[in-house]
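Dropping query.json in here (JSON, C-alpha atoms):
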[["chain", "number", "residue", "atom", "x", "y", "z"],
["A", 1415, "MET", "CA", -45.15, 71.58, -21.11],
["A", 1416, "LEU", "CA", -44.83, 72.93, -17.57],
["A", 1417, "ASN", "CA", -48.09, 71.22, -16.61],
["A", 1418, "LYS", "CA", -46.72, 67.87, -17.81],
["A", 1419, "ILE", "CA", -43.53, 68.28, -15.78],
["A", 1420, "ILE", "CA", -45.56, 69.12, -12.67],
["A", 1421, "LEU", "CA", -47.75, 66.04, -13.17],
["A", 1422, "ILE", "CA", -44.67, 63.79, -13.55],
["A", 1423, "VAL", "CA", -43.09, 65.23, -10.38],
["A", 1424, "VAL", "CA", -46.32, 64.70, -8.44],
["A", 1425, "ALA", "CA", -46.65, 61.10, -9.69],
["A", 1426, "LEU", "CA", -43.06, 60.27, -8.72],
["A", 1427, "SER", "CA", -43.55, 61.83, -5.30],
["A", 1428, "PHE", "CA", -46.70, 59.78, -4.72],
["A", 1429, "THR", "CA", -44.95, 56.55, -5.82],
["A", 1430, "LEU", "CA", -41.95, 57.10, -3.57],
["A", 1431, "SER", "CA", -44.14, 58.00, -0.61],
["A", 1432, "SER", "CA", -46.18, 54.80, -1.03],
["A", 1433, "LEU", "CA", -43.00, 52.65, -1.07],
["A", 1434, "ALA", "CA", -41.36, 54.36, 1.88],
["A", 1435, "ILE", "CA", -42.27, 53.93, 5.55],
["A", 1436, "GLU", "CA", -42.44, 57.46, 6.79],
["A", 1437, "LYS", "CA", -41.37, 58.61, 10.22],
["A", 1438, "LYS", "CA", -41.95, 62.10, 11.53],
["A", 1439, "PRO", "CA", -38.73, 63.97, 12.30],
["A", 1440, "ASP", "CA", -37.88, 64.88, 15.85],
["A", 1441, "SER", "CA", -38.13, 68.53, 16.76],
["A", 1442, "ASP", "CA", -34.36, 69.03, 17.07],
["A", 1443, "THR", "CA", -33.09, 66.68, 14.34],
["A", 1444, "GLU", "CA", -33.34, 66.38, 10.61],
["A", 1445, "LYS", "CA", -35.81, 64.01, 9.02],
["A", 1446, "LYS", "CA", -34.51, 60.43, 9.09],
["A", 1447, "PRO", "CA", -34.51, 58.10, 6.06],
["A", 1448, "SER", "CA", -37.27, 55.52, 5.69],
["A", 1449, "GLU", "CA", -36.79, 52.10, 7.26],
["A", 1450, "ALA", "CA", -37.61, 50.19, 4.12],
["A", 1451, "PHE", "CA", -37.49, 50.66, 0.41],
["A", 1452, "GLY", "CA", -38.83, 47.77, -1.66],
["A", 1453, "ASP", "CA", -37.79, 44.59, 0.16],
["A", 1454, "LYS", "CA", -34.31, 45.81, 1.17],
["A", 1455, "LYS", "CA", -33.83, 46.89, 4.76],
["A", 1456, "VAL", "CA", -32.36, 50.39, 5.30],
["A", 1457, "GLU", "CA", -30.75, 51.16, 8.64],
["A", 1458, "LYS", "CA", -31.83, 54.27, 10.49],
["A", 1459, "LYS", "CA", -29.20, 56.97, 10.86],
["A", 1460, "GLY", "CA", -27.36, 56.63, 14.12],
["A", 1461, "GLU", "CA", -28.92, 53.19, 14.90],
["A", 1462, "GLU", "CA", -27.41, 49.69, 14.50],
["A", 1463, "PRO", "CA", -29.37, 46.61, 13.34],
["A", 1464, "SER", "CA", -31.00, 44.72, 16.15],
["A", 1465, "GLN", "CA", -29.60, 41.40, 17.35],
["A", 1466, "GLY", "CA", -32.59, 39.59, 15.87],
["A", 1467, "GLU", "CA", -32.00, 41.16, 12.44],
["A", 1468, "ASN", "CA", -28.31, 40.18, 12.48],
["A", 1469, "LYS", "CA", -29.21, 36.63, 13.49],
["A", 1470, "ALA", "CA", -31.77, 36.33, 10.68],
["A", 1471, "ASP", "CA", -29.23, 37.51, 8.09],
["A", 1472, "GLU", "CA", -26.64, 35.04, 9.39],
["A", 1473, "ASN", "CA", -29.18, 32.21, 9.20],
["A", 1474, "LYS", "CA", -30.00, 33.08, 5.58],
["A", 1475, "GLN", "CA", -26.32, 33.10, 4.63],
["A", 1476, "SER", "CA", -25.70, 29.84, 6.46],
["A", 1477, "GLU", "CA", -28.67, 28.18, 4.77],
["A", 1478, "ALA", "CA", -27.54, 29.39, 1.34],
["A", 1479, "LEU", "CA", -24.03, 28.01, 1.92],
["A", 1480, "ARG", "CA", -25.46, 24.73, 3.15],
["A", 1481, "ARG", "CA", -27.61, 24.35, 0.03],
["A", 1482, "GLU", "CA", -24.63, 25.20, -2.17],
["A", 1483, "ASP", "CA", -22.48, 22.55, -0.46],
["A", 1484, "GLN", "CA", -25.21, 19.94, -0.80],
["A", 1485, "GLU", "CA", -25.66, 20.64, -4.50],
["A", 1486, "VAL", "CA", -21.95, 20.23, -5.29],
["A", 1487, "LEU", "CA", -21.82, 16.46, -4.73],
["A", 1488, "GLN", "CA", -24.14, 14.45, -6.96],
["A", 1489, "ARG", "CA", -24.85, 10.75, -7.32],
["A", 1490, "HIS", "CA", -22.82, 9.01, -10.04],
["A", 1491, "ASN", "CA", -23.25, 5.24, -9.65],
["A", 1492, "PRO", "CA", -25.39, 3.56, -6.95],
["A", 1493, "PHE", "CA", -24.37, 3.57, -3.27],
["A", 1494, "TYR", "CA", -24.90, 0.11, -1.82],
["A", 1495, "PHE", "CA", -23.82, -2.46, 0.72],
["A", 1496, "ALA", "CA", -24.48, -6.12, -0.05],
["A", 1497, "TYR", "CA", -23.61, -8.89, 2.39],
["A", 1498, "GLY", "CA", -22.20, -12.11, 0.95],
["A", 1499, "VAL", "CA", -20.02, -15.14, 1.62],
["A", 1500, "PRO", "CA", -17.08, -15.09, 1.57],
["A", 1501, "ASP", "CA", -16.91, -11.38, 0.65],
["A", 1502, "SER", "CA", -19.45, -8.61, 1.09],
["A", 1503, "LYS", "CA", -19.52, -5.82, -1.45],
["A", 1504, "LEU", "CA", -19.56, -2.10, -0.72],
["A", 1505, "GLN", "CA", -19.73, 0.68, -3.29],
["A", 1506, "PHE", "CA", -19.93, 4.45, -3.07],
["A", 1507, "SER", "CA", -19.84, 6.87, -5.97],
["A", 1508, "PHE", "CA", -20.23, 10.60, -6.55],
["A", 1509, "LYS", "CA", -19.47, 13.36, -9.02],
["A", 1510, "ALA", "CA", -19.00, 17.12, -8.79],
["A", 1511, "PRO", "CA", -19.02, 19.81, -11.49],
["A", 1512, "LEU", "CA", -15.72, 21.51, -12.23],
["A", 1513, "VAL", "CA", -17.34, 24.66, -13.62],
["A", 1514, "ARG", "CA", -20.65, 26.07, -12.43],
["A", 1515, "ASP", "CA", -23.53, 25.45, -14.88],
["A", 1516, "VAL", "CA", -21.29, 23.36, -17.17],
["A", 1517, "PRO", "CA", -21.88, 19.56, -17.19],
["A", 1518, "PHE", "CA", -18.18, 18.70, -16.94],
["A", 1519, "PHE", "CA", -17.60, 16.51, -13.90],
["A", 1520, "ILE", "CA", -14.90, 14.91, -11.87],
["A", 1521, "ALA", "CA", -16.30, 11.57, -10.69],
["A", 1522, "TYR", "CA", -15.14, 8.88, -8.32],
["A", 1523, "THR", "CA", -16.33, 5.33, -7.65],
["A", 1524, "GLN", "CA", -14.85, 2.96, -5.12],
["A", 1525, "GLN", "CA", -15.85, -0.69, -4.88],
["A", 1526, "MET", "CA", -14.63, -2.79, -1.94],
["A", 1527, "PHE", "CA", -14.78, -6.50, -1.21],
["A", 1528, "TRP", "CA", -14.98, -7.01, 2.53],
["A", 1529, "ASN", "CA", -14.52, -10.31, 4.34],
["A", 1530, "LEU", "CA", -16.65, -9.89, 7.46],
["A", 1531, "ARG", "CA", -16.28, -13.54, 8.53],
["A", 1532, "GLU", "CA", -12.57, -13.34, 9.37],
["A", 1533, "ASP", "CA", -11.44, -12.03, 12.75],
["A", 1534, "SER", "CA", -9.71, -8.93, 11.39],
["A", 1535, "LYS", "CA", -12.48, -8.30, 8.82],
["A", 1536, "PRO", "CA", -10.04, -7.40, 6.03],
["A", 1537, "PHE", "CA", -10.82, -5.77, 2.71],
["A", 1538, "LYS", "CA", -9.64, -8.40, 0.22],
["A", 1539, "ASP", "CA", -9.63, -6.07, -2.78],
["A", 1540, "SER", "CA", -10.76, -2.60, -3.83],
["A", 1541, "THR", "CA", -11.25, -0.86, -7.15],
["A", 1542, "TYR", "CA", -10.50, 2.87, -7.28],
["A", 1543, "ASN", "CA", -12.01, 4.61, -10.29],
["A", 1544, "PRO", "CA", -11.57, 8.40, -10.76],
["A", 1545, "GLU", "CA", -12.99, 9.87, -13.98],
["A", 1546, "LEU", "CA", -13.40, 13.07, -15.99],
["A", 1547, "ILE", "CA", -16.79, 13.11, -17.74],
["A", 1548, "TYR", "CA", -18.74, 15.51, -19.91],
["A", 1549, "ARG", "CA", -22.51, 14.96, -20.17],
["A", 1550, "TRP", "CA", -24.35, 16.14, -23.25],
["A", 1551, "THR", "CA", -28.07, 16.32, -22.50],
["A", 1552, "ILE", "CA", -30.27, 15.70, -25.55],
["A", 1553, "LYS", "CA", -33.73, 14.45, -24.45],
["A", 1554, "ASP", "CA", -34.80, 13.66, -27.98],
["A", 1555, "PHE", "CA", -35.46, 10.46, -29.92],
["A", 1556, "MET", "CA", -35.60, 8.60, -26.56],
["A", 1557, "ILE", "CA", -31.94, 9.55, -25.89],
["A", 1558, "ASP", "CA", -31.69, 11.29, -22.54],
["A", 1559, "SER", "CA", -27.96, 12.09, -22.64],
["A", 1560, "ILE", "CA", -24.52, 11.03, -23.85],
["A", 1561, "ASP", "CA", -21.54, 10.74, -21.50],
["A", 1562, "PHE", "CA", -18.01, 11.28, -22.76],
["A", 1563, "ALA", "CA", -15.32, 9.96, -20.41],
["A", 1564, "PHE", "CA", -12.06, 11.55, -21.47],
["A", 1565, "TRP", "CA", -10.20, 9.75, -18.69],
["A", 1566, "SER", "CA", -11.16, 6.81, -16.48],
["A", 1567, "HIS", "CA", -8.49, 5.13, -14.38],
["A", 1568, "MET", "CA", -9.06, 1.79, -12.64],
["A", 1569, "SER", "CA", -6.65, 0.42, -10.04],
["A", 1570, "ASN", "CA", -6.71, -1.80, -6.97],
["A", 1571, "GLY", "CA", -4.03, 0.19, -5.14],
["A", 1572, "LYS", "CA", -1.78, -2.81, -4.56],
["A", 1573, "LYS", "CA", 1.83, -3.31, -5.59],
["A", 1574, "ASP", "CA", 4.11, -5.99, -7.03],
["A", 1575, "ALA", "CA", 2.38, -9.23, -8.06],
["A", 1576, "GLU", "CA", -1.05, -8.11, -6.78],
["A", 1577, "SER", "CA", -1.04, -4.79, -8.62],
["A", 1578, "ARG", "CA", -3.80, -4.34, -11.20],
["A", 1579, "SER", "CA", -4.58, -1.22, -13.28],
["A", 1580, "LEU", "CA", -5.82, -0.01, -16.65],
["A", 1581, "GLU", "CA", -7.06, 3.13, -18.39],
["A", 1582, "ARG", "CA", -10.42, 3.61, -20.11],
["A", 1583, "ARG", "CA", -12.04, 6.12, -22.41],
["A", 1584, "TYR", "CA", -15.66, 5.62, -23.28],
["A", 1585, "VAL", "CA", -18.86, 6.99, -24.76],
["A", 1586, "ARG", "CA", -22.12, 6.03, -23.05],
["A", 1587, "PHE", "CA", -25.57, 6.53, -24.57],
["A", 1588, "ASN", "CA", -28.34, 6.87, -21.99],
["A", 1589, "PHE", "CA", -31.96, 6.18, -22.94],
["A", 1590, "ASP", "CA", -34.96, 6.96, -20.74],
["A", 1591, "THR", "CA", -38.65, 6.18, -21.38],
["A", 1592, "GLU", "CA", -41.53, 6.88, -19.01],
["A", 1593, "TYR", "CA", -44.96, 5.26, -18.79],
["A", 1594, "THR", "CA", -47.80, 5.72, -16.30],
["A", 1595, "ARG", "CA", -46.19, 3.64, -13.56],
["A", 1596, "TRP", "CA", -43.02, 2.48, -15.27],
["A", 1597, "VAL", "CA", -39.66, 4.00, -16.09],
["A", 1598, "VAL", "CA", -37.39, 2.10, -18.47],
["A", 1599, "ARG", "CA", -33.72, 3.03, -18.69],
["A", 1600, "PHE", "CA", -31.07, 1.62, -20.98],
["A", 1601, "SER", "CA", -27.41, 2.49, -21.47],
["A", 1602, "ALA", "CA", -24.86, 1.31, -24.00],
["A", 1603, "GLN", "CA", -21.22, 2.01, -23.15],
["A", 1604, "PHE", "CA", -18.48, 1.61, -25.74],
["A", 1605, "GLN", "CA", -15.00, 1.80, -24.23],
["A", 1606, "TYR", "CA", -11.38, 1.63, -25.27],
["A", 1607, "LEU", "CA", -9.01, -0.06, -22.83],
["A", 1608, "ASP", "CA", -5.26, 0.49, -22.65],
["A", 1609, "GLY", "CA", -2.44, 1.28, -20.21],
["A", 1610, "PHE", "CA", -2.50, -2.19, -18.68],
["A", 1611, "ASP", "CA", -0.33, -3.12, -15.73],
["A", 1612, "PRO", "CA", 2.05, -5.96, -16.74],
["A", 1613, "THR", "CA", 0.28, -8.16, -14.19],
["A", 1614, "ASN", "CA", -3.05, -7.86, -16.05],
["A", 1615, "ASN", "CA", -2.09, -7.35, -19.69],
["A", 1616, "ASP", "CA", -4.60, -10.03, -20.75],
["A", 1617, "ILE", "CA", -7.58, -8.45, -18.95],
["A", 1618, "ARG", "CA", -9.28, -7.68, -22.29],
["A", 1619, "ASP", "CA", -10.05, -11.39, -22.57],
["A", 1620, "TYR", "CA", -12.41, -10.91, -19.60],
["A", 1621, "MET", "CA", -13.35, -7.22, -19.83],
["A", 1622, "GLY", "CA", -14.54, -6.23, -23.28],
["A", 1623, "PRO", "CA", -15.31, -2.94, -25.05],
["A", 1624, "VAL", "CA", -19.08, -3.04, -24.48],
["A", 1625, "ILE", "CA", -21.25, -2.72, -21.36],
["A", 1626, "LEU", "CA", -25.03, -2.91, -21.77],
["A", 1627, "THR", "CA", -27.33, -2.08, -18.85],
["A", 1628, "ALA", "CA", -31.13, -2.14, -18.68],
["A", 1629, "SER", "CA", -33.24, -1.04, -15.73],
["A", 1630, "PHE", "CA", -36.98, -1.41, -15.20],
["A", 1631, "ILE", "CA", -38.51, 0.73, -12.45],
["A", 1632, "GLN", "CA", -42.08, 0.25, -11.26],
["A", 1633, "LEU", "CA", -43.86, 2.79, -9.06],
["A", 1634, "TYR", "CA", -46.61, 1.94, -6.55],
["A", 1635, "GLU", "CA", -48.93, 3.72, -4.16],
["A", 1636, "ALA", "CA", -48.40, 1.47, -1.15],
["A", 1637, "TRP", "CA", -45.84, 0.68, 1.55],
["A", 1638, "ILE", "CA", -43.55, -0.47, -1.25],
["A", 1639, "ASP", "CA", -43.53, 2.61, -3.47],
["A", 1640, "LYS", "CA", -40.71, 1.64, -5.83],
["A", 1641, "GLY", "CA", -39.26, -1.59, -7.25],
["A", 1642, "GLU", "CA", -36.35, -1.85, -9.66],
["A", 1643, "PHE", "CA", -34.84, -4.70, -11.64],
["A", 1644, "SER", "CA", -31.58, -4.19, -13.53],
["A", 1645, "ILE", "CA", -29.28, -6.32, -15.63],
["A", 1646, "SER", "CA", -25.75, -5.56, -16.83],
["A", 1647, "LEU", "CA", -24.06, -7.50, -19.64],
["A", 1648, "MET", "CA", -20.27, -7.25, -19.93],
["A", 1649, "PRO", "CA", -18.99, -9.72, -22.54],
["A", 1650, "GLY", "CA", -15.26, -10.41, -22.66],
["A", 1651, "GLY", "CA", -12.81, -10.33, -25.53],
["A", 1652, "LYS", "CA", -11.16, -7.51, -27.44],
["A", 1653, "TYR", "CA", -14.24, -7.26, -29.66],
["A", 1654, "ALA", "CA", -16.78, -8.54, -27.08],
["A", 1655, "GLN", "CA", -16.74, -11.90, -28.83],
["A", 1656, "HIS", "CA", -16.32, -14.05, -25.68],
["A", 1657, "GLY", "CA", -19.68, -14.06, -23.94],
["A", 1658, "SER", "CA", -18.66, -16.95, -21.70],
["A", 1659, "GLN", "CA", -15.60, -15.04, -20.41],
["A", 1660, "GLY", "CA", -17.40, -11.86, -19.48],
["A", 1661, "GLY", "CA", -19.42, -10.86, -16.45],
["A", 1662, "TYR", "CA", -23.17, -10.57, -15.83],
["A", 1663, "GLN", "CA", -24.89, -8.80, -12.96],
["A", 1664, "PHE", "CA", -28.56, -8.99, -11.97],
["A", 1665, "ALA", "CA", -30.04, -6.82, -9.23],
["A", 1666, "TYR", "CA", -33.42, -6.19, -7.66],
["A", 1667, "SER", "CA", -34.38, -3.56, -5.09],
["A", 1668, "PHE", "CA", -37.56, -2.38, -3.43],
["A", 1669, "ARG", "CA", -38.15, 0.64, -1.22],
["A", 1670, "LEU", "CA", -40.58, 1.04, 1.67],
["A", 1671, "GLY", "CA", -41.19, 4.67, 0.84],
["A", 1672, "GLY", "CA", -44.71, 4.44, 2.23],
["A", 1673, "LEU", "CA", -43.08, 4.08, 5.65],
["A", 1674, "ASP", "CA", -40.65, 6.95, 4.93],
["A", 1675, "ILE", "CA", -37.66, 4.58, 4.79],
["A", 1676, "VAL", "CA", -34.98, 6.03, 2.52],
["A", 1677, "PRO", "CA", -32.67, 3.06, 1.69],
["A", 1678, "ALA", "CA", -34.07, 0.34, -0.55],
["A", 1679, "PHE", "CA", -33.61, -3.36, 0.18],
["A", 1680, "TYR", "CA", -31.20, -4.78, -2.35],
["A", 1681, "MET", "CA", -30.29, -8.17, -3.85],
["A", 1682, "GLN", "CA", -27.47, -8.75, -6.32],
["A", 1683, "TYR", "CA", -26.28, -11.77, -8.27],
["A", 1684, "TYR", "CA", -22.99, -11.73, -10.18],
["A", 1685, "VAL", "CA", -21.72, -14.54, -12.37],
["A", 1686, "GLY", "CA", -18.63, -14.59, -14.56],
["A", 1687, "TYR", "CA", -15.25, -12.87, -14.58],
["A", 1688, "ALA", "CA", -13.69, -9.49, -13.72],
["A", 1689, "GLU", "CA", -15.86, -8.66, -10.73],
["A", 1690, "THR", "CA", -12.63, -7.75, -8.93],
["A", 1691, "LEU", "CA", -9.42, -6.51, -10.49],
["A", 1692, "LEU", "CA", -7.28, -8.77, -8.32],
["A", 1693, "ASN", "CA", -8.99, -11.97, -9.49],
["A", 1694, "TYR", "CA", -10.20, -10.76, -12.87],
["A", 1695, "ASN", "CA", -9.41, -14.12, -14.53],
["A", 1696, "GLN", "CA", -11.26, -16.24, -11.96],
["A", 1697, "ARG", "CA", -14.91, -17.14, -12.46],
["A", 1698, "VAL", "CA", -17.22, -16.29, -9.55],
["A", 1699, "ASN", "CA", -20.84, -17.02, -8.73],
["A", 1700, "GLU", "CA", -21.96, -14.65, -5.95],
["A", 1701, "PHE", "CA", -25.32, -13.79, -4.39],
["A", 1702, "ARG", "CA", -25.46, -10.85, -1.99],
["A", 1703, "PHE", "CA", -28.15, -8.82, -0.24],
["A", 1704, "GLY", "CA", -28.24, -5.52, 1.65],
["A", 1705, "PHE", "CA", -29.43, -2.00, 0.92],
["A", 1706, "VAL", "CA", -28.96, 0.64, -1.76],
["A", 1707, "LEU", "CA", -29.43, 4.41, -1.87]]
Show me this structure written as structure tokens.
Amino acid sequence: MLNKIILIVVALSFTLSSLAIEKKPDSDTEKKPSEAFGDKKVEKKGEEPSQGENKADENKQSEALRREDQEVLQRHNPFYFAYGVPDSKLQFSFKAPLVRDVPFFIAYTQQMFWNLREDSKPFKDSTYNPELIYRWTIKDFMIDSIDFAFWSHMSNGKKDAESRSLERRYVRFNFDTEYTRWVVRFSAQFQYLDGFDPTNNDIRDYMGPVILTASFIQLYEAWIDKGEFSISLMPGGKYAQHGSQGGYQFAYSFRLGGLDIVPAFYMQYYVGYAETLLNYNQRVNEFRFGFVL
């Protein structure tokens, strides 16, 4: 038994000595602790960390904070600018998790219609759309995820006769299929509209309960490394029965990723109603071009 204990003590001593960086003690001082144990730095007794060590630790902390900040904001809907006549269209959109590692998000999308041809370059109308969304990731039976929007407010921020607003709650099914050089995405959104402003209490005639979107992405190994065509169908009517009173959007983009250009060139065509909240009951026919992220 005693032999076993001695062997264990010797083995532990050998292990600790191999991990430590030994330093002979000075003649008039006690033996100092090792400088390193594992990968954690241990300060020598009576000595302070060097300026270089402090700077390295600060850089690591700064980089970690920077990565954390960058991961908070995520893309929600596309960012794009599209020039048109009379109004250009600008959209930015993002979401952020409310609880770490839980897919419950606060999201925000803002869409602006900008008249760049007038002297003062005014924004003719804007749509402000904050949301609370939970995403259930499935990745089975071609379903990638399901989004549950418990609250989605849409308003143009104006008052009196030009005020427009409504509330939405929706469920959106997201499908994703991959091929060798193709990615096909499809979403079906079923929404309930209520809380209408008195100035737009008939908006359901032009904005229905269904939004269908399909996207076809092709990948290349050339200067143009990605091309995408998408179509959105938004029939009008309380039960989506008025196809001629809804809105339809077609878009195409291509990216010069082979030249390390990040934005993609973008073209958009919108025909129908409810592109803007202000003029939701007026039919438009708009072609625009610009860039998308």
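Closest to A:Lys1538 among A:Ala1636, A:Leu1647, A:Met1526, A:Val1513 is A:Met1526, based on only C-alpha atoms.
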Exercise for the section: Around the point (-40.6, 0.4, -6.6) in the file's coordinates, collect all residues with an atom within 8 Å, using all atoms listed in the file, and return them as a list in words. Expected result: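 Taken together, the residues in range are Ile1631, Gln1632, Leu1633, Tyr1634, Ile1638, Asp1639, Lys1640, Gly1641, Glu1642, Ser1667, Phe1668 and Arg1669 of chain A.
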Exercise for the section: Determine, counting all atoms listed in the file, which protein, DNA and RNA residues have an atom within 9 Å of an atom of stretch 1570-1579 of chain A; residues of the same chain fewer than 2 positions away are not included. Present the result as a PyMOL selection string. Expected result: chain A and resi 1539-1543+1567-1568+1581+1609-1614+1690-1692
Problem - One-decimal distance in Å that lies between atom CA of A:Phe1493 and atom CA of A:Gly1672 - result: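 Computing the Euclidean distance for atom CA of A:Gly1672 and atom CA of A:Phe1493 yields 21.1 Å.
Checking A:Leu1546, A:Val1597, A:Ala1665, A:Ala1521 one by one against A:Phe1701, counting only C-alpha atoms, you find the shortest gap at A:Ala1665.
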Could you rebuild stretch 1555-1563 of chain A with all heavy atoms and give me the result as a short mmCIF file (atom, residue, chain, number, x, y, z; two decimals), keeping the file's coordinate frame?
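To be explicit, this is the file written out as result14.cif:
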data_model
loop_
_atom_site.label_atom_id
_atom_site.label_comp_id
_atom_site.auth_asym_id
_atom_site.auth_seq_id
_atom_site.Cartn_x
_atom_site.Cartn_y
_atom_site.Cartn_z
N PHE A 1555 -35.55 11.79 -29.32
CA PHE A 1555 -35.46 10.46 -29.92
C PHE A 1555 -35.17 9.38 -28.87
O PHE A 1555 -34.39 8.46 -29.11
CB PHE A 1555 -34.40 10.42 -31.02
CG PHE A 1555 -34.65 11.41 -32.13
CD1 PHE A 1555 -33.84 12.52 -32.25
CD2 PHE A 1555 -35.69 11.23 -33.01
CE1 PHE A 1555 -34.07 13.46 -33.25
CE2 PHE A 1555 -35.92 12.16 -34.02
CZ PHE A 1555 -35.11 13.27 -34.15
N MET A 1556 -35.76 9.54 -27.68
CA MET A 1556 -35.60 8.60 -26.56
C MET A 1556 -34.21 8.69 -25.93
O MET A 1556 -33.98 8.05 -24.91
CB MET A 1556 -35.89 7.15 -26.99
CG MET A 1556 -37.32 6.92 -27.42
SD MET A 1556 -37.62 5.22 -27.94
CE MET A 1556 -37.29 4.35 -26.41
N ILE A 1557 -33.27 9.41 -26.49
CA ILE A 1557 -31.94 9.55 -25.89
C ILE A 1557 -31.99 10.66 -24.85
O ILE A 1557 -32.33 11.80 -25.15
CB ILE A 1557 -30.87 9.87 -26.94
CG1 ILE A 1557 -30.78 8.74 -27.97
CG2 ILE A 1557 -29.51 10.07 -26.27
CD1 ILE A 1557 -29.75 8.99 -29.05
N ASP A 1558 -31.68 10.31 -23.62
CA ASP A 1558 -31.69 11.29 -22.54
C ASP A 1558 -30.39 12.10 -22.53
O ASP A 1558 -30.41 13.33 -22.39
CB ASP A 1558 -31.88 10.60 -21.20
CG ASP A 1558 -31.95 11.57 -20.04
OD1 ASP A 1558 -32.97 12.26 -19.92
OD2 ASP A 1558 -30.95 11.66 -19.29
N SER A 1559 -29.25 11.40 -22.69
CA SER A 1559 -27.96 12.09 -22.64
C SER A 1559 -26.87 11.17 -23.20
O SER A 1559 -27.08 9.96 -23.38
CB SER A 1559 -27.61 12.49 -21.20
OG SER A 1559 -27.55 11.34 -20.37
N ILE A 1560 -25.72 11.78 -23.43
CA ILE A 1560 -24.52 11.03 -23.85
C ILE A 1560 -23.38 11.46 -22.96
O ILE A 1560 -23.11 12.65 -22.79
CB ILE A 1560 -24.17 11.29 -25.33
CG1 ILE A 1560 -25.34 10.94 -26.24
CG2 ILE A 1560 -22.93 10.49 -25.73
CD1 ILE A 1560 -25.08 11.26 -27.71
N ASP A 1561 -22.70 10.48 -22.36
CA ASP A 1561 -21.54 10.74 -21.50
C ASP A 1561 -20.25 10.48 -22.26
O ASP A 1561 -20.10 9.42 -22.89
CB ASP A 1561 -21.59 9.84 -20.25
CG ASP A 1561 -22.77 10.16 -19.36
OD1 ASP A 1561 -23.20 11.33 -19.33
OD2 ASP A 1561 -23.28 9.24 -18.70
N PHE A 1562 -19.33 11.42 -22.16
CA PHE A 1562 -18.01 11.28 -22.76
C PHE A 1562 -16.98 11.24 -21.64
O PHE A 1562 -16.79 12.24 -20.94
CB PHE A 1562 -17.71 12.44 -23.70
CG PHE A 1562 -18.66 12.58 -24.86
CD1 PHE A 1562 -19.82 13.34 -24.73
CD2 PHE A 1562 -18.41 11.94 -26.06
CE1 PHE A 1562 -20.70 13.47 -25.79
CE2 PHE A 1562 -19.28 12.05 -27.13
CZ PHE A 1562 -20.44 12.82 -26.99
N ALA A 1563 -16.36 10.09 -21.44
CA ALA A 1563 -15.32 9.96 -20.41
C ALA A 1563 -13.97 10.12 -21.09
O ALA A 1563 -13.51 9.23 -21.80
CB ALA A 1563 -15.41 8.61 -19.72
#
